[in-house]
file my_file-v4.txt (compact mmCIF, C-alpha atoms)
# COMPACT_ATOMS: atom_id res chain seq x y z
CA MET A 1 125.69 56.27 76.28
CA ILE A 2 126.22 57.48 79.84
CA ARG A 3 129.53 55.64 80.10
CA SER A 4 130.71 57.36 76.92
CA LEU A 5 129.75 60.77 78.35
CA ILE A 6 131.67 60.03 81.55
CA LEU A 7 134.79 59.06 79.62
CA ILE A 8 134.47 62.12 77.37
CA GLY A 9 134.07 64.30 80.45
CA PHE A 10 137.19 62.98 82.21
CA THR A 11 139.23 63.17 79.00
CA TYR A 12 138.17 66.76 78.35
CA LEU A 13 138.82 67.74 81.98
CA LEU A 14 142.39 66.40 81.99
CA PHE A 15 143.29 68.01 78.68
CA LYS A 16 141.71 71.30 79.77
CA LEU A 17 143.76 71.33 82.99
CA HIS A 18 146.96 70.77 81.03
CA LEU A 19 146.21 73.31 78.31
CA THR A 20 145.27 76.05 80.79
CA GLY A 21 148.10 75.23 83.20
CA ASP A 22 145.65 74.67 86.06
CA ILE A 23 147.02 71.15 86.52
CA SER A 24 149.84 72.82 88.48
CA LYS A 25 147.33 73.64 91.23
CA TYR A 26 146.72 69.95 91.83
CA ILE A 27 150.04 68.15 91.37
CA ASN A 28 153.77 68.74 91.45
CA MET A 29 154.59 69.42 87.79
CA ARG A 30 157.40 66.89 88.02
CA TYR A 31 154.64 64.30 87.71
CA SER A 32 152.64 66.03 84.98
CA TYR A 33 153.62 63.33 82.50
CA LEU A 34 151.60 60.82 84.52
CA SER A 35 148.38 62.81 84.26
CA ALA A 36 149.07 63.50 80.57
CA THR A 37 149.49 59.76 80.01
CA ALA A 38 146.21 59.17 81.83
CA GLY A 39 144.55 61.70 79.54
CA TYR A 40 145.68 59.88 76.39
CA ALA A 41 144.67 56.53 77.90
CA LEU A 42 141.20 57.93 78.60
CA LEU A 43 141.04 59.20 75.02
CA VAL A 44 141.70 55.67 73.72
CA LEU A 45 139.12 54.20 76.11
CA THR A 46 136.59 56.82 75.02
CA ILE A 47 137.03 55.89 71.36
CA VAL A 48 136.70 52.18 72.20
CA GLN A 49 133.58 52.82 74.28
CA ILE A 50 131.92 54.83 71.49
CA PHE A 51 132.74 52.04 69.02
CA MET A 52 131.23 49.43 71.35
CA MET A 53 128.16 51.61 71.91
CA ASN A 54 127.54 51.83 68.17
CA LYS A 55 128.03 48.06 67.86
CA ASP A 56 125.55 47.35 70.66
CA SER A 57 123.08 49.74 69.06
CA LYS A 58 123.14 47.73 65.83
CA GLU A 59 122.80 44.40 67.64
CA ALA A 60 119.82 45.71 69.59
CA ASN A 61 117.87 45.92 66.35
CA CYS A 62 118.32 42.23 65.46
CA ASP A 63 116.29 39.17 66.46
CA HIS A 64 117.48 38.18 69.97
CA GLU A 65 117.28 34.45 69.13
CA HIS A 66 120.06 34.86 66.57
CA CYS A 67 122.21 37.56 68.17
CA GLY A 68 123.72 35.27 70.78
CA HIS A 69 123.32 37.60 73.74
CA ASN A 70 120.87 38.54 76.46
CA HIS A 71 120.37 41.30 78.98
CA SER A 72 120.11 39.19 82.10
CA LYS A 73 123.24 40.77 83.67
CA GLU A 74 122.40 44.37 82.89
CA ASP A 75 122.61 46.74 85.84
CA LYS A 76 119.35 47.76 87.41
CA TRP A 77 118.28 51.41 87.05
CA TYR A 78 118.66 52.14 90.77
CA LYS A 79 122.28 50.94 90.69
CA LYS A 80 123.01 53.37 87.88
CA LEU A 81 121.31 56.13 89.84
CA ILE A 82 123.79 55.59 92.67
CA VAL A 83 126.98 54.88 90.70
CA TYR A 84 126.90 57.40 87.85
CA PRO A 85 126.61 60.56 90.00
CA VAL A 86 129.83 59.50 91.75
CA PHE A 87 131.63 59.79 88.40
CA PHE A 88 129.84 62.92 87.24
CA PHE A 89 130.59 64.92 90.38
CA PRO A 90 134.38 65.35 89.84
CA ILE A 91 133.76 66.23 86.20
CA VAL A 92 131.20 68.91 87.02
CA SER A 93 133.19 70.30 89.94
CA GLY A 94 136.43 70.35 87.94
CA LEU A 95 134.86 72.11 84.96
CA PHE A 96 132.48 74.55 86.61
CA PHE A 97 133.62 75.19 90.19
CA PRO A 98 136.24 77.94 90.59
CA ILE A 99 139.66 77.02 91.96
CA ALA A 100 139.96 78.26 95.54
CA THR A 101 141.89 81.49 96.07
CA LEU A 102 145.05 80.95 98.07
CA ASP A 103 145.24 83.32 101.01
CA SER A 104 145.35 83.45 104.81
CA ASN A 105 141.74 82.26 104.99
CA ILE A 106 143.03 78.81 103.97
CA VAL A 107 145.37 78.89 106.96
CA LYS A 108 142.54 79.94 109.25
CA ALA A 109 140.28 77.24 107.85
CA LYS A 110 142.87 74.55 108.55
CA GLY A 111 143.26 75.92 112.04
CA PHE A 112 146.42 77.64 113.18
CA HIS A 113 147.74 74.73 115.21
CA PHE A 114 150.92 72.78 114.71
CA PRO A 115 150.20 69.23 115.96
CA ILE A 116 153.58 67.95 114.74
CA TYR A 117 155.13 69.61 117.76
CA ASP A 118 153.04 67.71 120.30
CA THR A 119 152.69 64.30 118.67
CA LYS A 120 155.06 61.34 118.82
CA ASP A 121 153.68 59.73 115.69
CA PRO A 122 156.63 59.53 113.22
CA PHE A 123 154.24 59.13 110.29
CA PHE A 124 152.25 62.29 111.00
CA GLN A 125 152.43 64.58 107.98
CA GLN A 126 153.25 68.16 108.87
CA GLU A 127 151.45 70.65 106.69
CA PHE A 128 152.54 73.92 108.26
CA LEU A 129 155.65 76.08 108.29
CA ARG A 130 158.33 73.39 108.04
CA PRO A 131 158.54 71.25 104.87
CA ASP A 132 159.14 67.65 105.81
CA THR A 133 159.77 64.85 103.32
CA SER A 134 161.27 62.44 105.86
CA ILE A 135 158.20 60.18 105.79
CA TYR A 136 158.97 59.30 102.15
CA TYR A 137 162.41 57.88 102.93
CA GLY A 138 164.19 55.61 105.36
CA LYS A 139 166.12 57.45 108.06
CA ASP A 140 169.56 56.82 106.55
CA ASP A 141 168.44 57.80 103.04
CA TYR A 142 166.79 60.96 104.32
CA ASP A 143 169.93 61.95 106.28
CA LYS A 144 172.04 61.53 103.12
CA ILE A 145 169.64 63.67 101.10
CA MET A 146 169.64 66.42 103.73
CA GLN A 147 173.42 66.39 103.95
CA SER A 148 173.56 66.78 100.18
CA GLU A 149 171.03 69.63 100.30
CA LYS A 150 173.00 71.33 103.08
CA LYS A 151 176.13 71.43 100.90
CA LYS A 152 174.14 73.32 98.25
CA TYR A 153 173.02 76.12 100.55
CA VAL A 154 175.09 76.37 103.73
CA ASN A 155 178.04 78.24 102.17
CA HIS A 156 175.88 80.93 100.55
CA LYS A 157 176.64 84.25 102.22
CA ASP A 158 173.40 85.68 100.86
CA LEU A 159 170.92 82.87 100.28
CA LYS A 160 167.97 83.82 98.08
CA LEU A 161 164.89 81.59 97.99
CA THR A 162 163.12 81.35 94.64
CA ASP A 163 160.07 79.43 93.45
CA GLN A 164 162.42 76.64 92.39
CA ASN A 165 164.40 76.16 95.60
CA PHE A 166 161.98 77.46 98.24
CA LEU A 167 160.86 74.14 99.75
CA ASN A 168 164.23 72.41 99.43
CA ALA A 169 166.17 75.25 101.03
CA MET A 170 163.55 75.90 103.70
CA GLU A 171 163.53 72.24 104.73
CA THR A 172 167.33 72.29 104.93
CA ILE A 173 167.31 75.39 107.15
CA TYR A 174 164.82 73.78 109.54
CA ASN A 175 166.96 70.64 109.73
CA PHE A 176 170.22 72.53 110.38
CA PRO A 177 169.26 75.86 112.00
CA GLY A 178 172.60 76.17 113.77
CA GLU A 179 174.52 75.79 110.50
CA PHE A 180 172.64 78.74 108.96
CA GLU A 181 172.48 80.98 112.02
CA GLY A 182 173.97 84.39 111.29
CA GLY A 183 173.64 83.99 107.52
CA GLU A 184 171.71 86.31 105.22
CA LEU A 185 168.42 85.10 103.75
CA SER A 186 165.87 86.69 101.43
CA PHE A 187 162.55 85.40 100.16
CA LYS A 188 159.03 86.36 99.16
CA GLY A 189 155.69 85.37 100.67
CA PHE A 190 152.39 86.49 102.11
CA VAL A 191 151.83 87.77 105.64
CA PHE A 192 149.96 85.84 108.29
CA HIS A 193 149.51 87.10 111.84
CA ASP A 194 149.49 84.41 114.50
CA PRO A 195 146.33 85.15 116.53
CA ASP A 196 148.00 83.63 119.61
CA SER A 197 151.10 85.84 119.45
CA ASN A 198 151.41 89.05 121.46
CA ASN A 199 154.48 90.26 119.59
CA LYS A 200 153.22 92.67 116.92
CA ASN A 201 156.59 92.76 115.19
CA GLN A 202 156.60 89.02 114.57
CA VAL A 203 154.61 87.64 111.63
CA LEU A 204 154.78 84.52 109.50
CA ILE A 205 155.79 84.86 105.86
CA LEU A 206 154.33 81.89 104.02
CA ARG A 207 153.98 80.16 100.66
CA PHE A 208 151.63 77.39 99.63
CA GLY A 209 153.74 74.37 98.77
CA VAL A 210 153.18 70.99 97.13
CA ILE A 211 155.36 67.97 97.85
CA HIS A 212 153.76 65.53 95.39
CA CYS A 213 150.12 66.56 94.93
CA ILE A 214 147.40 68.66 96.52
CA ALA A 215 146.81 65.94 99.12
CA ASP A 216 150.15 66.70 100.79
CA ALA A 217 150.08 70.45 100.14
CA GLY A 218 150.75 72.75 103.05
CA VAL A 219 151.60 76.28 104.12
CA PHE A 220 155.35 76.66 104.52
CA GLY A 221 157.60 79.52 105.48
CA MET A 222 159.30 81.22 108.38
CA LEU A 223 158.71 83.45 111.36
CA VAL A 224 160.14 86.94 110.76
CA ASP A 225 160.93 89.74 113.18
CA LEU A 226 160.07 93.04 111.50
CA PRO A 227 161.44 96.48 112.43
CA ASP A 228 159.37 98.63 114.80
CA GLY A 229 156.48 100.53 113.28
CA VAL A 230 155.82 98.18 110.35
CA ASN A 231 152.10 97.56 109.94
CA LEU A 232 151.10 94.79 107.57
CA LYS A 233 147.82 93.00 107.00
CA ASN A 234 147.16 89.33 106.36
CA ASP A 235 147.70 88.45 102.70
CA ASP A 236 150.05 91.37 102.02
CA TRP A 237 152.85 90.06 99.81
CA ILE A 238 156.32 91.25 100.78
CA ASN A 239 159.99 90.67 100.05
CA VAL A 240 162.10 90.27 103.17
CA LYS A 241 165.84 90.13 103.76
CA GLY A 242 167.69 89.68 107.01
CA GLN A 243 169.76 87.50 109.28
CA ILE A 244 168.80 83.97 110.34
CA SER A 245 168.54 83.30 114.05
CA THR A 246 166.56 80.95 116.29
CA THR A 247 163.95 81.66 118.94
CA TYR A 248 161.60 79.84 121.24
CA TYR A 249 158.09 80.35 119.88
CA PRO A 250 155.34 79.77 122.49
CA SER A 251 152.65 79.01 119.90
CA PHE A 252 154.66 76.03 118.65
CA LYS A 253 156.29 75.12 121.97
CA THR A 254 159.70 74.68 120.37
CA ASN A 255 162.73 76.54 119.02
CA ILE A 256 162.37 77.53 115.38
CA PRO A 257 164.36 79.60 112.89
CA VAL A 258 163.48 83.29 112.76
CA LEU A 259 164.55 85.96 110.28
CA LYS A 260 165.66 89.27 111.80
CA VAL A 261 164.52 91.55 108.99
CA ASP A 262 166.57 94.61 108.06
CA GLN A 263 165.14 95.13 104.56
CA TRP A 264 161.60 94.62 103.34
CA SER A 265 159.29 95.87 100.60
CA LYS A 266 155.74 95.26 99.49
CA THR A 267 155.23 93.37 96.27
CA THR A 268 152.44 91.75 94.26
CA ALA A 269 151.32 88.14 94.45
CA PRO A 270 153.03 85.96 91.84
CA LYS A 271 151.00 84.50 89.02
CA GLU A 272 151.86 81.02 90.28
CA GLN A 273 151.42 81.06 94.04
CA TYR A 274 152.40 77.44 94.62
CA VAL A 275 155.98 76.33 95.14
CA TYR A 276 157.00 72.72 94.52
CA ARG A 277 159.43 70.32 96.14
CA GLN A 278 162.26 69.48 93.76
CA PHE A 279 163.53 65.88 93.72

call {"tool": "encode", "arguments": {"input": "my_file-v4.txt", "output": "structure tokens"}}
result
Amino acid sequence: MIRSLILIGFTYLLFKLHLTGDISKYINMRYSYLSATAGYALLVLTIVQIFMMNKDSKEANCDHEHCGHNHSKEDKWYKKLIVYPVFFFPIVSGLFFPIATLDSNIVKAKGFHFPIYDTKDPFFQQEFLRPDTSIYYGKDDYDKIMQSEKKKYVNHKDLKLTDQNFLNAMETIYNFPGEFEGGELSFKGFVFHDPDSNNKNQVLILRFGVIHCIADAGVFGMLVDLPDGVNLKNDDWINVKGQISTTYYPSFKTNIPVLKVDQWSKTTAPKEQYVYRQF
């Protein structure tokens, strides 16, 4: 009975996430077919489990000497008490816990520190500012992909980042900052003030991005240099447009791209706040 409830719960949860669109908050939608397939597989297993439960219920009413089975290998009650809650927890949390609001508090909770800039570990996954998919490829393959991406964007006189190309184009700019220096760039994101920065005109404009799934999600974007007198708060959503340059940023201890903003405007948060890496 309990096993059937667990299977029903997981099946319902997966279908609910797909029907409401909330599955996009957990995985890159490029892979949505995998979770949909898992949902249908769970549906089949649920039907099989219910059938077997009904069969066992009928056999339980017969004389054990003639039924050809025994209960010697049944799990003890204390084992069930430990195992079953492990399966029920993701079902309950997925159905009844609200999905976390995406804002600057997430950045603060992760800690505004960029360890990728002071580690020599080539397998360390960066989750801030600069999208980095190099760990998923060999060096030569990654270089070929980046060269191909560069051809798509480098000749744009006025490059506009959208939800579809945000992570791809941003990763390309970080890999070839000199190639894009002096070019025009426009994009949309939310404001985050670096607590370690003394320059009030410089803020980070960020988007929450997903490479494959929520496990490799991060906060990606660019440092921008706003005109004098602009006062913005954390989590304000703005459109910015300006010229790409590079600067040494003390908080990160490295040179990074910076957008010298000449046009900006406040806007509202998009309905879908995640952006996804396109492959």

call {"tool": "closest_residue", "arguments": {"input": "my_file-v4.txt", "among": "A:Leu259, A:Gly189, A:Pro250, A:Thr172", "to": "A:Asn201", "atoms": "all atoms listed in the file"}}
result
A:Leu259

call {"tool": "atom_distance", "arguments": {"input": "my_file-v4.txt", "atom1": "atom CA of A:Ile205", "atom2": "atom CA of A:Phe220"}}
result
8.3 Å

call {"tool": "residues_around", "arguments": {"input": "my_file-v4.txt", "residues": "stretch 161-164 of chain A", "least_positions_apart": "2", "cutoff": "10 Å", "atoms": "only C-alpha atoms", "output": "list in words"}}
result
Asp158, Leu159, Phe166, Leu167, Asn168, Ala169, Met170, Leu185, Ser186, Phe187, Lys188, Arg207, Gly209, Pro270, Glu272, Gln273, Tyr274, Val275, Tyr276, Arg277 and Gln278 of chain A

call {"tool": "closest_residue", "arguments": {"input": "my_file-v4.txt", "among": "A:Ile6, A:Leu204, A:Leu13, A:Ile23", "to": "A:Ser93", "atoms": "only C-alpha atoms"}}
result
A:Leu13

call {"tool": "residues_around", "arguments": {"input": "my_file-v4.txt", "residues": "A:Phe190", "least_positions_apart": "6", "cutoff": "7 Å", "atoms": "all atoms listed in the file", "output": "VMD selection string"}}
result
chain A and resid 205 to 207 235 to 238

call {"tool": "atom_distance", "arguments": {"input": "my_file-v4.txt", "atom1": "atom CA of A:Leu42", "atom2": "atom CA of A:Leu7"}}
result
6.6 Å

call {"tool": "atom_distance", "arguments": {"input": "my_file-v4.txt", "atom1": "atom CA of A:Pro227", "atom2": "atom CA of A:Lys241"}}
result
11.6 Å

call {"tool": "residues_around", "arguments": {"input": "my_file-v4.txt", "residues": "A:Val230", "least_positions_apart": "3", "cutoff": "12 Å", "atoms": "only C-alpha atoms", "output": "PDB file with C-alpha atoms, in the frame of the given file"}}
result
ATOM      1  CA  LYS A 200     153.220  92.670 116.920  1.00  0.00           C
ATOM      2  CA  ASN A 201     156.590  92.760 115.190  1.00  0.00           C
ATOM      3  CA  GLN A 202     156.600  89.020 114.570  1.00  0.00           C
ATOM      4  CA  VAL A 203     154.610  87.640 111.630  1.00  0.00           C
ATOM      5  CA  ASP A 225     160.930  89.740 113.180  1.00  0.00           C
ATOM      6  CA  LEU A 226     160.070  93.040 111.500  1.00  0.00           C
ATOM      7  CA  PRO A 227     161.440  96.480 112.430  1.00  0.00           C
ATOM      8  CA  LYS A 233     147.820  93.000 107.000  1.00  0.00           C
ATOM      9  CA  ILE A 238     156.320  91.250 100.780  1.00  0.00           C
ATOM     10  CA  VAL A 261     164.520  91.550 108.990  1.00  0.00           C
ATOM     11  CA  ASP A 262     166.570  94.610 108.060  1.00  0.00           C
ATOM     12  CA  GLN A 263     165.140  95.130 104.560  1.00  0.00           C
ATOM     13  CA  TRP A 264     161.600  94.620 103.340  1.00  0.00           C
ATOM     14  CA  SER A 265     159.290  95.870 100.600  1.00  0.00           C
ATOM     15  CA  LYS A 266     155.740  95.260  99.490  1.00  0.00           C
TER      16      LYS A 266
END

call {"tool": "closest_residue", "arguments": {"input": "my_file-v4.txt", "among": "A:Tyr153, A:Phe88, A:Phe208, A:Phe128", "to": "A:Gly183", "atoms": "only C-alpha atoms"}}
result
A:Tyr153

call {"tool": "residues_around", "arguments": {"input": "my_file-v4.txt", "residues": "stretch 50-52 of chain A", "least_positions_apart": "6", "cutoff": "12 Å", "atoms": "all atoms listed in the file", "output": "PyMOL selection string"}}
result
chain A and resi 1-8+43-44+58-59

call {"tool": "build_atoms", "arguments": {"input": "my_file-v4.txt", "residues": "stretch 146-170 of chain A", "atoms": "N, CA, C and O atoms", "output": "mmCIF file, keeping the file's coordinate frame"}}
result
data_model
loop_
_atom_site.group_PDB
_atom_site.id
_atom_site.type_symbol
_atom_site.label_atom_id
_atom_site.label_comp_id
_atom_site.auth_asym_id
_atom_site.auth_seq_id
_atom_site.Cartn_x
_atom_site.Cartn_y
_atom_site.Cartn_z
ATOM 1 N N MET A 146 169.537 65.135 103.041
ATOM 2 C CA MET A 146 169.640 66.420 103.730
ATOM 3 C C MET A 146 171.082 66.908 103.799
ATOM 4 O O MET A 146 171.347 68.115 103.688
ATOM 5 N N GLN A 147 172.017 65.997 103.957
ATOM 6 C CA GLN A 147 173.420 66.390 103.950
ATOM 7 C C GLN A 147 173.816 66.943 102.579
ATOM 8 O O GLN A 147 174.572 67.922 102.476
ATOM 9 N N SER A 148 173.293 66.314 101.535
ATOM 10 C CA SER A 148 173.560 66.780 100.180
ATOM 11 C C SER A 148 172.938 68.162 99.949
ATOM 12 O O SER A 148 173.561 69.045 99.341
ATOM 13 N N GLU A 149 171.700 68.337 100.441
ATOM 14 C CA GLU A 149 171.030 69.630 100.300
ATOM 15 C C GLU A 149 171.785 70.711 101.084
ATOM 16 O O GLU A 149 171.905 71.855 100.625
ATOM 17 N N LYS A 150 172.287 70.350 102.258
ATOM 18 C CA LYS A 150 173.000 71.330 103.080
ATOM 19 C C LYS A 150 174.228 71.870 102.343
ATOM 20 O O LYS A 150 174.529 73.075 102.399
ATOM 21 N N LYS A 151 174.946 70.995 101.640
ATOM 22 C CA LYS A 151 176.130 71.430 100.900
ATOM 23 C C LYS A 151 175.787 72.468 99.835
ATOM 24 O O LYS A 151 176.615 73.311 99.494
ATOM 25 N N LYS A 152 174.558 72.381 99.297
ATOM 26 C CA LYS A 152 174.140 73.320 98.250
ATOM 27 C C LYS A 152 173.950 74.728 98.801
ATOM 28 O O LYS A 152 174.204 75.716 98.102
ATOM 29 N N TYR A 153 173.480 74.821 100.050
ATOM 30 C CA TYR A 153 173.020 76.120 100.550
ATOM 31 C C TYR A 153 173.833 76.714 101.692
ATOM 32 O O TYR A 153 173.844 77.926 101.862
ATOM 33 N N VAL A 154 174.525 75.880 102.478
ATOM 34 C CA VAL A 154 175.090 76.370 103.730
ATOM 35 C C VAL A 154 176.214 77.384 103.514
ATOM 36 O O VAL A 154 176.453 78.245 104.384
ATOM 37 N N ASN A 155 176.914 77.330 102.394
ATOM 38 C CA ASN A 155 178.040 78.240 102.170
ATOM 39 C C ASN A 155 177.645 79.518 101.447
ATOM 40 O O ASN A 155 178.506 80.350 101.160
ATOM 41 N N HIS A 156 176.350 79.696 101.181
ATOM 42 C CA HIS A 156 175.880 80.930 100.550
ATOM 43 C C HIS A 156 175.893 82.052 101.581
ATOM 44 O O HIS A 156 175.237 81.964 102.617
ATOM 45 N N LYS A 157 176.617 83.116 101.299
ATOM 46 C CA LYS A 157 176.640 84.250 102.220
ATOM 47 C C LYS A 157 175.312 85.013 102.185
ATOM 48 O O LYS A 157 174.905 85.615 103.172
ATOM 49 N N ASP A 158 174.689 84.990 101.027
ATOM 50 C CA ASP A 158 173.400 85.680 100.860
ATOM 51 C C ASP A 158 172.469 84.729 100.113
ATOM 52 O O ASP A 158 172.395 84.746 98.895
ATOM 53 N N LEU A 159 171.770 83.900 100.869
ATOM 54 C CA LEU A 159 170.920 82.870 100.280
ATOM 55 C C LEU A 159 169.576 83.472 99.868
ATOM 56 O O LEU A 159 168.874 84.062 100.686
ATOM 57 N N LYS A 160 169.239 83.304 98.604
ATOM 58 C CA LYS A 160 167.970 83.820 98.080
ATOM 59 C C LYS A 160 167.064 82.651 97.724
ATOM 60 O O LYS A 160 167.444 81.777 96.935
ATOM 61 N N LEU A 161 165.853 82.642 98.299
ATOM 62 C CA LEU A 161 164.890 81.590 97.990
ATOM 63 C C LEU A 161 164.044 82.013 96.797
ATOM 64 O O LEU A 161 163.488 83.106 96.767
ATOM 65 N N THR A 162 163.938 81.121 95.833
ATOM 66 C CA THR A 162 163.120 81.350 94.640
ATOM 67 C C THR A 162 161.996 80.327 94.604
ATOM 68 O O THR A 162 161.909 79.436 95.453
ATOM 69 N N ASP A 163 161.140 80.422 93.607
ATOM 70 C CA ASP A 163 160.070 79.430 93.450
ATOM 71 C C ASP A 163 160.640 78.031 93.273
ATOM 72 O O ASP A 163 160.014 77.045 93.651
ATOM 73 N N GLN A 164 161.836 77.939 92.688
ATOM 74 C CA GLN A 164 162.420 76.640 92.390
ATOM 75 C C GLN A 164 163.049 75.985 93.620
ATOM 76 O O GLN A 164 162.974 74.769 93.784
ATOM 77 N N ASN A 165 163.685 76.774 94.478
ATOM 78 C CA ASN A 165 164.400 76.160 95.600
ATOM 79 C C ASN A 165 163.753 76.407 96.957
ATOM 80 O O ASN A 165 164.311 76.034 97.989
ATOM 81 N N PHE A 166 162.582 77.025 96.984
ATOM 82 C CA PHE A 166 161.980 77.460 98.240
ATOM 83 C C PHE A 166 161.814 76.302 99.233
ATOM 84 O O PHE A 166 162.294 76.366 100.367
ATOM 85 N N LEU A 167 161.135 75.241 98.823
ATOM 86 C CA LEU A 167 160.860 74.140 99.750
ATOM 87 C C LEU A 167 162.123 73.368 100.119
ATOM 88 O O LEU A 167 162.307 72.987 101.281
ATOM 89 N N ASN A 168 162.994 73.150 99.145
ATOM 90 C CA ASN A 168 164.230 72.410 99.430
ATOM 91 C C ASN A 168 165.107 73.170 100.424
ATOM 92 O O ASN A 168 165.588 72.602 101.409
ATOM 93 N N ALA A 169 165.314 74.456 100.155
ATOM 94 C CA ALA A 169 166.170 75.250 101.030
ATOM 95 C C ALA A 169 165.530 75.455 102.397
ATOM 96 O O ALA A 169 166.212 75.391 103.432
ATOM 97 N N MET A 170 164.229 75.687 102.432
ATOM 98 C CA MET A 170 163.550 75.900 103.700
ATOM 99 C C MET A 170 163.614 74.639 104.574
ATOM 100 O O MET A 170 163.856 74.727 105.789
#
